[in-house]
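Read through the structure below, which is laid out as structure tokens, and then see the notes.
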Amino acid sequence: MRQITEAEKYYHSFLRFGMKPGLTNTRKLMNKLGNPQDSLKFIHVAGTNGKGTVCSLIASVLTQEGYTTGLYTSPFIVDFRERIRVNMKMITPDELESVTEKVKKAVDELNSEGVTITEFEAVTAAGFEYFKEKKCDFVVLETGLGGRFDSTNIINSPLCSVITSISMDHMAILGDTIEKIASEKSGIIKRGCPVATSSRQPADAIQVIMKTAFQNGSPLFISDFSKIKTEREDIFGSDVIYKGRKYHIPFPGDIQRENFSVAIKTLEIIKKDEPYEKVYEGIAETKNPARTEIISKHPMIILDGCHNEGSAKALRNTIENYLKDKKIHAFTGMMKDKDINKFADILSPCFDKVTCVKPSNPRSEDAESLAEIYRSRNIETDTATISKEDLEKAVKSTTDNEVLIVCGSLYLCSDVRENLIDIVNKL
């Protein structure tokens, strides 16, 4: 069991979401800290799916190129410190405690003035302060939720605003149509600053992005997905040719080639098409836990935090393309606020057996309620817990012609990843 630091306990003591929409309180907090974000150069990334992967790809390349590179992402999978990294290495416990003391002082002052700060605002402030202290050349900054009112959106003029694949998710907060969600994501587009997005965006989304970019006088760059030639692909990744150069993408599936195309386009914008010396190494060595992560080859165990329509379709594509000769056992748990029926509609045809569990997050759907959804689709279904014992039972029952896929939520992946790795290592 991992140790939870005092700093992490402090951040978790905050409200999860804001009291009201807007960036007023975030600005007040950053003002107390001397606006560390104003001294940094950002690549700002929003989107429904793929933004974590795109952020990791960009940061990995910039790190390989020798730049001091900050990376801010959420949520974390195993360790809270994953959220704040420099040169792909997590902030140390001592550094986190030190920067948290500064944030806490500012938060306490604001509390005395009647200003309430949320968890995400406080963690974002800690990230900005740390990146300033480390004198980062670049910071790859992932939004938390949406874009327009996201705490990360207080930055002024990013080197590039990046919008990854958009699909239906967080509808209660962001809107119930692709256009509304795209409008919220497009809120990170700043006047005169370049914008990169995918050539495979839904038509309704790309229209909103184009309109917002035009209104802001922001040059829009569309990824060159059609220029990617796939030489080889399997469950372990793809070898592709792009503009005459070979790359290894260490994640499987069509969606990951799309993420690669967006990351490469962004890197071209930042360097104004100047060549990168270490781009191959940066792409090939990128790590992204819980995104079609191969935990074990024998037996085959995959960890995938997919939790919405877009990511469910990506997982189905992976199964149909690379695992069609295998039986699929899904070990799944989801949050109540997700479209669970849509998720099940997409993936049920791929599943031979489903084990439903309840993740530790308070917003989790009950295991039995989730199981009823799969039983109604005539799939062999049972329930279990996220305990190490039940995980071990699932792993040890996986035969050579089966694949165990843990999926449905990044929170579930966070609950089980360490135990899964430990179980596999002892087989």
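Numbering starts fresh at 1 for the residues of each chain in the structure tokens, the chains themselves are lettered A, B, ... in the order given, and ligands are numbered from 1 as they appear.
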
For this session: Please return as a PyMOL selection string: the residues of segment 307-393 of chain A that backbone DSSP assigns to helix (DSSP H, G or I).
Result: chain A and resi 309-322+340-350+367-375+388-393

Output file for the selection above: N, CA and C atoms, as a tab-separated table (two decimals), in the first residue's frame:
```tsv
chain	number	residue	atom	x	y	z
A	309	GLU	N	-17.67	7.31	-24.51
A	309	GLU	CA	-17.99	6.75	-25.83
A	309	GLU	C	-16.77	6.67	-26.73
A	310	GLY	N	-16.01	7.75	-26.81
A	310	GLY	CA	-14.85	7.78	-27.70
A	310	GLY	C	-13.80	6.76	-27.33
A	311	SER	N	-13.46	6.68	-26.05
A	311	SER	CA	-12.42	5.74	-25.63
A	311	SER	C	-12.92	4.30	-25.67
A	312	ALA	N	-14.23	4.10	-25.46
A	312	ALA	CA	-14.79	2.75	-25.59
A	312	ALA	C	-14.68	2.26	-27.03
A	313	LYS	N	-14.94	3.15	-27.99
A	313	LYS	CA	-14.79	2.79	-29.40
A	313	LYS	C	-13.34	2.47	-29.73
A	314	ALA	N	-12.41	3.21	-29.12
A	314	ALA	CA	-10.99	2.94	-29.36
A	314	ALA	C	-10.60	1.57	-28.82
A	315	LEU	N	-11.10	1.20	-27.64
A	315	LEU	CA	-10.80	-0.12	-27.09
A	315	LEU	C	-11.43	-1.21	-27.95
A	316	ARG	N	-12.64	-0.99	-28.41
A	316	ARG	CA	-13.28	-1.98	-29.28
A	316	ARG	C	-12.46	-2.17	-30.56
A	317	ASN	N	-11.97	-1.08	-31.12
A	317	ASN	CA	-11.13	-1.14	-32.31
A	317	ASN	C	-9.87	-1.97	-32.04
A	318	THR	N	-9.27	-1.78	-30.89
A	318	THR	CA	-8.08	-2.54	-30.51
A	318	THR	C	-8.38	-4.02	-30.41
A	319	ILE	N	-9.49	-4.35	-29.75
A	319	ILE	CA	-9.87	-5.76	-29.59
A	319	ILE	C	-10.14	-6.40	-30.95
A	320	GLU	N	-10.91	-5.73	-31.78
A	320	GLU	CA	-11.29	-6.30	-33.08
A	320	GLU	C	-10.09	-6.44	-34.01
A	321	ASN	N	-9.12	-5.54	-33.91
A	321	ASN	CA	-7.97	-5.58	-34.82
A	321	ASN	C	-6.85	-6.50	-34.35
A	322	TYR	N	-6.64	-6.59	-33.04
A	322	TYR	CA	-5.45	-7.28	-32.55
A	322	TYR	C	-5.74	-8.48	-31.65
A	340	ILE	N	-23.11	4.73	-18.85
A	340	ILE	CA	-22.73	3.32	-18.71
A	340	ILE	C	-23.40	2.46	-19.77
A	341	ASN	N	-24.64	2.76	-20.09
A	341	ASN	CA	-25.34	1.96	-21.10
A	341	ASN	C	-24.70	2.11	-22.47
A	342	LYS	N	-24.29	3.32	-22.82
A	342	LYS	CA	-23.61	3.54	-24.11
A	342	LYS	C	-22.29	2.79	-24.13
A	343	PHE	N	-21.55	2.87	-23.03
A	343	PHE	CA	-20.28	2.15	-22.90
A	343	PHE	C	-20.50	0.65	-23.11
A	344	ALA	N	-21.53	0.11	-22.46
A	344	ALA	CA	-21.83	-1.32	-22.59
A	344	ALA	C	-22.30	-1.67	-24.00
A	345	ASP	N	-23.08	-0.79	-24.62
A	345	ASP	CA	-23.53	-1.04	-26.00
A	345	ASP	C	-22.34	-1.21	-26.94
A	346	ILE	N	-21.33	-0.37	-26.75
A	346	ILE	CA	-20.17	-0.40	-27.64
A	346	ILE	C	-19.30	-1.63	-27.43
A	347	LEU	N	-19.07	-1.99	-26.16
A	347	LEU	CA	-18.08	-3.03	-25.87
A	347	LEU	C	-18.66	-4.42	-25.61
A	348	SER	N	-19.93	-4.51	-25.28
A	348	SER	CA	-20.52	-5.82	-25.01
A	348	SER	C	-20.29	-6.86	-26.10
A	349	PRO	N	-20.40	-6.50	-27.39
A	349	PRO	CA	-20.17	-7.50	-28.44
A	349	PRO	C	-18.76	-8.09	-28.42
A	350	CYS	N	-17.84	-7.42	-27.75
A	350	CYS	CA	-16.45	-7.89	-27.71
A	350	CYS	C	-16.17	-8.76	-26.48
A	367	ALA	N	-21.42	-2.43	-7.92
A	367	ALA	CA	-21.04	-3.57	-8.77
A	367	ALA	C	-22.25	-4.34	-9.26
A	368	GLU	N	-23.24	-4.56	-8.40
A	368	GLU	CA	-24.40	-5.34	-8.80
A	368	GLU	C	-25.25	-4.59	-9.82
A	369	SER	N	-25.36	-3.28	-9.66
A	369	SER	CA	-26.12	-2.48	-10.64
A	369	SER	C	-25.44	-2.50	-11.99
A	370	LEU	N	-24.12	-2.44	-11.98
A	370	LEU	CA	-23.37	-2.52	-13.23
A	370	LEU	C	-23.53	-3.90	-13.86
A	371	ALA	N	-23.52	-4.93	-13.03
A	371	ALA	CA	-23.65	-6.30	-13.53
A	371	ALA	C	-25.00	-6.51	-14.23
A	372	GLU	N	-26.05	-5.89	-13.71
A	372	GLU	CA	-27.37	-6.04	-14.32
A	372	GLU	C	-27.40	-5.50	-15.75
A	373	ILE	N	-26.63	-4.45	-15.98
A	373	ILE	CA	-26.57	-3.87	-17.32
A	373	ILE	C	-25.97	-4.87	-18.30
A	374	TYR	N	-24.94	-5.59	-17.88
A	374	TYR	CA	-24.31	-6.57	-18.77
A	374	TYR	C	-25.14	-7.86	-18.88
A	375	ARG	N	-25.78	-8.24	-17.79
A	375	ARG	CA	-26.65	-9.43	-17.86
A	375	ARG	C	-27.80	-9.20	-18.83
A	388	LYS	N	-6.93	-7.49	-3.67
A	388	LYS	CA	-5.84	-8.21	-4.31
A	388	LYS	C	-6.21	-9.67	-4.52
A	389	GLU	N	-6.97	-10.23	-3.60
A	389	GLU	CA	-7.38	-11.63	-3.71
A	389	GLU	C	-8.26	-11.86	-4.93
A	390	ASP	N	-9.24	-10.97	-5.14
A	390	ASP	CA	-10.12	-11.13	-6.30
A	390	ASP	C	-9.39	-10.85	-7.61
A	391	LEU	N	-8.46	-9.92	-7.58
A	391	LEU	CA	-7.63	-9.66	-8.77
A	391	LEU	C	-6.79	-10.88	-9.11
A	392	GLU	N	-6.19	-11.46	-8.08
A	392	GLU	CA	-5.34	-12.63	-8.29
A	392	GLU	C	-6.15	-13.79	-8.86
A	393	LYS	N	-7.38	-13.94	-8.38
A	393	LYS	CA	-8.25	-15.00	-8.90
A	393	LYS	C	-8.53	-14.79	-10.39
```

Exercise. Ala196 of chain A: which residues within 9 Å, counting only C-alpha atoms, same-chain residues fewer than 2 positions away excluded, as a ChimeraX atom specification?
Worked result: /A:160-164,194,198,219-223,262-263,265-266,269

Next, write the just-selected residues to a file, as a PDB file, in the first residue's frame, keeping N, CA, C and O atoms as the atom set.
```
ATOM      1  N   CYS A 160       1.248  27.116 -28.196  1.00  0.00           N
ATOM      2  CA  CYS A 160       0.254  26.422 -29.022  1.00  0.00           C
ATOM      3  C   CYS A 160      -0.884  25.946 -28.136  1.00  0.00           C
ATOM      4  O   CYS A 160      -0.649  25.444 -27.035  1.00  0.00           O
ATOM      5  N   SER A 161      -2.114  26.125 -28.604  1.00  0.00           N
ATOM      6  CA  SER A 161      -3.286  25.526 -27.971  1.00  0.00           C
ATOM      7  C   SER A 161      -3.633  24.269 -28.761  1.00  0.00           C
ATOM      8  O   SER A 161      -3.764  24.334 -29.986  1.00  0.00           O
ATOM      9  N   VAL A 162      -3.761  23.154 -28.073  1.00  0.00           N
ATOM     10  CA  VAL A 162      -3.971  21.866 -28.734  1.00  0.00           C
ATOM     11  C   VAL A 162      -5.319  21.295 -28.311  1.00  0.00           C
ATOM     12  O   VAL A 162      -5.621  21.235 -27.111  1.00  0.00           O
ATOM     13  N   ILE A 163      -6.110  20.879 -29.283  1.00  0.00           N
ATOM     14  CA  ILE A 163      -7.409  20.272 -28.976  1.00  0.00           C
ATOM     15  C   ILE A 163      -7.439  18.875 -29.577  1.00  0.00           C
ATOM     16  O   ILE A 163      -7.448  18.707 -30.800  1.00  0.00           O
ATOM     17  N   THR A 164      -7.428  17.883 -28.710  1.00  0.00           N
ATOM     18  CA  THR A 164      -7.440  16.488 -29.142  1.00  0.00           C
ATOM     19  C   THR A 164      -8.871  16.040 -29.433  1.00  0.00           C
ATOM     20  O   THR A 164      -9.806  16.842 -29.401  1.00  0.00           O
ATOM     21  N   PRO A 194      -1.185  30.089 -32.111  1.00  0.00           N
ATOM     22  CA  PRO A 194      -1.505  28.966 -32.984  1.00  0.00           C
ATOM     23  C   PRO A 194      -2.317  27.882 -32.297  1.00  0.00           C
ATOM     24  O   PRO A 194      -2.220  27.688 -31.077  1.00  0.00           O
ATOM     25  N   SER A 198      -6.906  17.699 -34.501  1.00  0.00           N
ATOM     26  CA  SER A 198      -6.883  16.475 -35.302  1.00  0.00           C
ATOM     27  C   SER A 198      -7.703  16.625 -36.576  1.00  0.00           C
ATOM     28  O   SER A 198      -8.787  17.226 -36.575  1.00  0.00           O
ATOM     29  N   PRO A 219      -3.943  31.254 -36.009  1.00  0.00           N
ATOM     30  CA  PRO A 219      -3.717  30.316 -37.109  1.00  0.00           C
ATOM     31  C   PRO A 219      -4.025  28.886 -36.686  1.00  0.00           C
ATOM     32  O   PRO A 219      -3.595  28.444 -35.614  1.00  0.00           O
ATOM     33  N   LEU A 220      -4.793  28.174 -37.506  1.00  0.00           N
ATOM     34  CA  LEU A 220      -5.216  26.809 -37.190  1.00  0.00           C
ATOM     35  C   LEU A 220      -4.431  25.815 -38.038  1.00  0.00           C
ATOM     36  O   LEU A 220      -4.362  25.945 -39.257  1.00  0.00           O
ATOM     37  N   PHE A 221      -3.859  24.811 -37.371  1.00  0.00           N
ATOM     38  CA  PHE A 221      -3.097  23.761 -38.039  1.00  0.00           C
ATOM     39  C   PHE A 221      -3.791  22.424 -37.803  1.00  0.00           C
ATOM     40  O   PHE A 221      -4.074  22.053 -36.655  1.00  0.00           O
ATOM     41  N   ILE A 222      -4.056  21.715 -38.887  1.00  0.00           N
ATOM     42  CA  ILE A 222      -4.732  20.415 -38.816  1.00  0.00           C
ATOM     43  C   ILE A 222      -3.684  19.317 -38.961  1.00  0.00           C
ATOM     44  O   ILE A 222      -2.812  19.383 -39.829  1.00  0.00           O
ATOM     45  N   SER A 223      -3.779  18.299 -38.124  1.00  0.00           N
ATOM     46  CA  SER A 223      -2.790  17.213 -38.163  1.00  0.00           C
ATOM     47  C   SER A 223      -2.800  16.487 -39.505  1.00  0.00           C
ATOM     48  O   SER A 223      -3.816  16.455 -40.203  1.00  0.00           O
ATOM     49  N   VAL A 262      -1.276  14.491 -33.955  1.00  0.00           N
ATOM     50  CA  VAL A 262      -1.513  15.773 -33.285  1.00  0.00           C
ATOM     51  C   VAL A 262      -0.259  16.233 -32.551  1.00  0.00           C
ATOM     52  O   VAL A 262       0.115  17.412 -32.598  1.00  0.00           O
ATOM     53  N   ALA A 263       0.408  15.304 -31.868  1.00  0.00           N
ATOM     54  CA  ALA A 263       1.633  15.646 -31.139  1.00  0.00           C
ATOM     55  C   ALA A 263       2.723  16.129 -32.086  1.00  0.00           C
ATOM     56  O   ALA A 263       3.395  17.137 -31.822  1.00  0.00           O
ATOM     57  N   LYS A 265       2.363  17.421 -35.113  1.00  0.00           N
ATOM     58  CA  LYS A 265       1.975  18.721 -35.660  1.00  0.00           C
ATOM     59  C   LYS A 265       2.279  19.833 -34.657  1.00  0.00           C
ATOM     60  O   LYS A 265       2.787  20.898 -35.025  1.00  0.00           O
ATOM     61  N   THR A 266       1.997  19.583 -33.386  1.00  0.00           N
ATOM     62  CA  THR A 266       2.278  20.578 -32.345  1.00  0.00           C
ATOM     63  C   THR A 266       3.772  20.852 -32.244  1.00  0.00           C
ATOM     64  O   THR A 266       4.205  22.011 -32.153  1.00  0.00           O
ATOM     65  N   ILE A 269       4.914  23.057 -34.980  1.00  0.00           N
ATOM     66  CA  ILE A 269       4.526  24.455 -34.769  1.00  0.00           C
ATOM     67  C   ILE A 269       5.499  25.142 -33.814  1.00  0.00           C
ATOM     68  O   ILE A 269       5.957  26.257 -34.067  1.00  0.00           O
TER      69      ILE A 269
END
```

Exercise. Near segment 286-301 of chain A, within 6 Å and counting only C-alpha atoms, which residues show up once chain neighbours fewer than 5 positions away are dropped, as a list in words?
Worked result: Leu57, Ser60, Val403, Leu404 and Ile405 of chain A

For this session: Extract, using only C-alpha atoms, all DNA, RNA and protein residues at most 8 Å from segment 31-34 of chain A, discarding same-chain residues fewer than 3 positions from it, and format them as a list in words.
Result: Arg27, Lys28, Lys102, Val103, Ala106 and Glu129 of chain A

For this session: Mind the document's chain letters and residue numbers, and return as an NGL selection string the residues of segment 265-341 of chain A that DSSP labels strand (DSSP E).
Result: :A and (293-296 or 300-304 or 327-332)

Problem set entry | Contacts of segment 208-215 of chain A at 12 Å (only C-alpha atoms; same-chain gap of 3+ positions) as a ChimeraX atom specification | /A:46-47,148,160-166,177-199,201-205,218-222

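The residue set within 10 Å of Lys104 of chain A, counting only C-alpha atoms and dropping same-chain residues fewer than 4 places from it, reads A:Ala7, A:Tyr10, A:Tyr11, A:Val99, A:Thr100, A:Asp108, A:Glu109, A:Leu110, A:Ala122, A:Ala126.
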
Restrict the selected residues to all heavy atoms and save them as a short mmCIF file (atom, residue, chain, number, x, y, z; two decimals), in the first residue's frame.
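Final file, result05.cif:
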```cif
data_model
loop_
_atom_site.label_atom_id
_atom_site.label_comp_id
_atom_site.auth_asym_id
_atom_site.auth_seq_id
_atom_site.Cartn_x
_atom_site.Cartn_y
_atom_site.Cartn_z
N ALA A 7 1.17 16.39 2.12
CA ALA A 7 0.82 17.32 1.05
C ALA A 7 -0.39 16.80 0.27
O ALA A 7 -1.33 17.56 -0.03
CB ALA A 7 2.00 17.52 0.11
N TYR A 10 -3.49 17.20 2.19
CA TYR A 10 -3.90 18.61 2.18
C TYR A 10 -4.74 18.92 0.94
O TYR A 10 -5.82 19.50 1.04
CB TYR A 10 -2.66 19.52 2.23
CG TYR A 10 -2.97 20.97 2.03
CD1 TYR A 10 -3.64 21.70 3.01
CD2 TYR A 10 -2.60 21.62 0.85
CE1 TYR A 10 -3.94 23.06 2.82
CE2 TYR A 10 -2.89 22.97 0.65
CZ TYR A 10 -3.56 23.68 1.64
OH TYR A 10 -3.86 25.01 1.44
N TYR A 11 -4.27 18.52 -0.23
CA TYR A 11 -5.00 18.82 -1.46
C TYR A 11 -6.35 18.10 -1.50
O TYR A 11 -7.35 18.66 -1.96
CB TYR A 11 -4.16 18.47 -2.69
CG TYR A 11 -2.95 19.36 -2.84
CD1 TYR A 11 -1.66 18.86 -2.73
CD2 TYR A 11 -3.11 20.72 -3.07
CE1 TYR A 11 -0.55 19.68 -2.85
CE2 TYR A 11 -2.00 21.56 -3.18
CZ TYR A 11 -0.73 21.03 -3.06
OH TYR A 11 0.36 21.86 -3.17
N VAL A 99 6.72 23.17 -1.93
CA VAL A 99 5.87 24.02 -2.75
C VAL A 99 4.47 24.11 -2.15
O VAL A 99 3.79 25.15 -2.27
CB VAL A 99 5.84 23.50 -4.22
CG1 VAL A 99 4.92 22.30 -4.38
CG2 VAL A 99 5.42 24.61 -5.18
N THR A 100 4.03 23.06 -1.47
CA THR A 100 2.71 23.07 -0.85
C THR A 100 2.64 24.08 0.29
O THR A 100 1.60 24.70 0.52
CB THR A 100 2.35 21.66 -0.33
OG1 THR A 100 2.31 20.75 -1.44
CG2 THR A 100 0.99 21.64 0.35
N ASP A 108 -4.58 30.12 2.76
CA ASP A 108 -5.04 30.58 4.08
C ASP A 108 -5.36 32.07 4.07
O ASP A 108 -6.35 32.52 4.67
CB ASP A 108 -3.97 30.28 5.14
CG ASP A 108 -3.85 28.80 5.46
OD1 ASP A 108 -4.76 28.04 5.07
OD2 ASP A 108 -2.85 28.40 6.08
N GLU A 109 -4.53 32.84 3.39
CA GLU A 109 -4.78 34.28 3.29
C GLU A 109 -6.10 34.54 2.56
O GLU A 109 -6.90 35.40 2.96
CB GLU A 109 -3.63 34.97 2.55
CG GLU A 109 -2.34 35.04 3.35
CD GLU A 109 -1.22 35.71 2.56
OE1 GLU A 109 -1.50 36.29 1.49
OE2 GLU A 109 -0.06 35.65 3.02
N LEU A 110 -6.34 33.78 1.48
CA LEU A 110 -7.58 33.95 0.73
C LEU A 110 -8.79 33.50 1.55
O LEU A 110 -9.86 34.14 1.49
CB LEU A 110 -7.51 33.18 -0.59
CG LEU A 110 -6.58 33.78 -1.65
CD1 LEU A 110 -6.44 32.83 -2.83
CD2 LEU A 110 -7.10 35.13 -2.14
N ALA A 122 -5.71 24.57 -6.34
CA ALA A 122 -4.53 24.52 -5.47
C ALA A 122 -3.41 23.69 -6.09
O ALA A 122 -2.24 24.09 -6.06
CB ALA A 122 -4.92 23.95 -4.11
N ALA A 126 0.36 24.81 -7.38
CA ALA A 126 1.59 24.12 -6.98
C ALA A 126 2.43 23.76 -8.20
O ALA A 126 3.66 23.89 -8.20
CB ALA A 126 1.25 22.86 -6.18
#
```

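For Pro36 of chain A, the residues within 12 Å (counting only C-alpha atoms, excluding itself and residues fewer than 6 positions away along the chain) are Arg27, Leu29, Met30, Lys102, Val103, Thr124, Ala125, Ala126, Gly127, Phe128, Glu129, Tyr130, Phe131, Lys132, Glu133, Lys134, Lys135, Cys136, Ile154, Ile155 and Asn156 of chain A.
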
With 12 Å as the cut-off and only C-alpha atoms counted, what is the closest atom pair between each nearby residue of segment 6-99 of chain A and segment 277-283 of chain A? Distances in Å to one decimal, ordered by chain and number, as JSON lines.
```
{"residue": "A:Thr53", "atom": "CA", "partner": "A:Ile283", "partner_atom": "CA", "distance": 10.6}
{"residue": "A:Val54", "atom": "CA", "partner": "A:Ile283", "partner_atom": "CA", "distance": 10.2}
{"residue": "A:Cys55", "atom": "CA", "partner": "A:Ile283", "partner_atom": "CA", "distance": 11.3}
{"residue": "A:Ser56", "atom": "CA", "partner": "A:Ile283", "partner_atom": "CA", "distance": 8.9}
{"residue": "A:Leu57", "atom": "CA", "partner": "A:Ile283", "partner_atom": "CA", "distance": 5.7}
{"residue": "A:Ile58", "atom": "CA", "partner": "A:Gly282", "partner_atom": "CA", "distance": 8.0}
{"residue": "A:Ala59", "atom": "CA", "partner": "A:Gly282", "partner_atom": "CA", "distance": 8.2}
{"residue": "A:Ser60", "atom": "CA", "partner": "A:Gly282", "partner_atom": "CA", "distance": 4.9}
{"residue": "A:Val61", "atom": "CA", "partner": "A:Gly282", "partner_atom": "CA", "distance": 3.9}
{"residue": "A:Leu62", "atom": "CA", "partner": "A:Gly282", "partner_atom": "CA", "distance": 7.4}
{"residue": "A:Thr63", "atom": "CA", "partner": "A:Gly282", "partner_atom": "CA", "distance": 7.5}
{"residue": "A:Gln64", "atom": "CA", "partner": "A:Gly282", "partner_atom": "CA", "distance": 5.6}
{"residue": "A:Glu65", "atom": "CA", "partner": "A:Lys278", "partner_atom": "CA", "distance": 5.6}
{"residue": "A:Gly66", "atom": "CA", "partner": "A:Lys278", "partner_atom": "CA", "distance": 9.0}
{"residue": "A:Tyr67", "atom": "CA", "partner": "A:Lys278", "partner_atom": "CA", "distance": 11.4}
{"residue": "A:Asn87", "atom": "CA", "partner": "A:Gly282", "partner_atom": "CA", "distance": 11.3}
{"residue": "A:Met88", "atom": "CA", "partner": "A:Gly282", "partner_atom": "CA", "distance": 10.9}
```
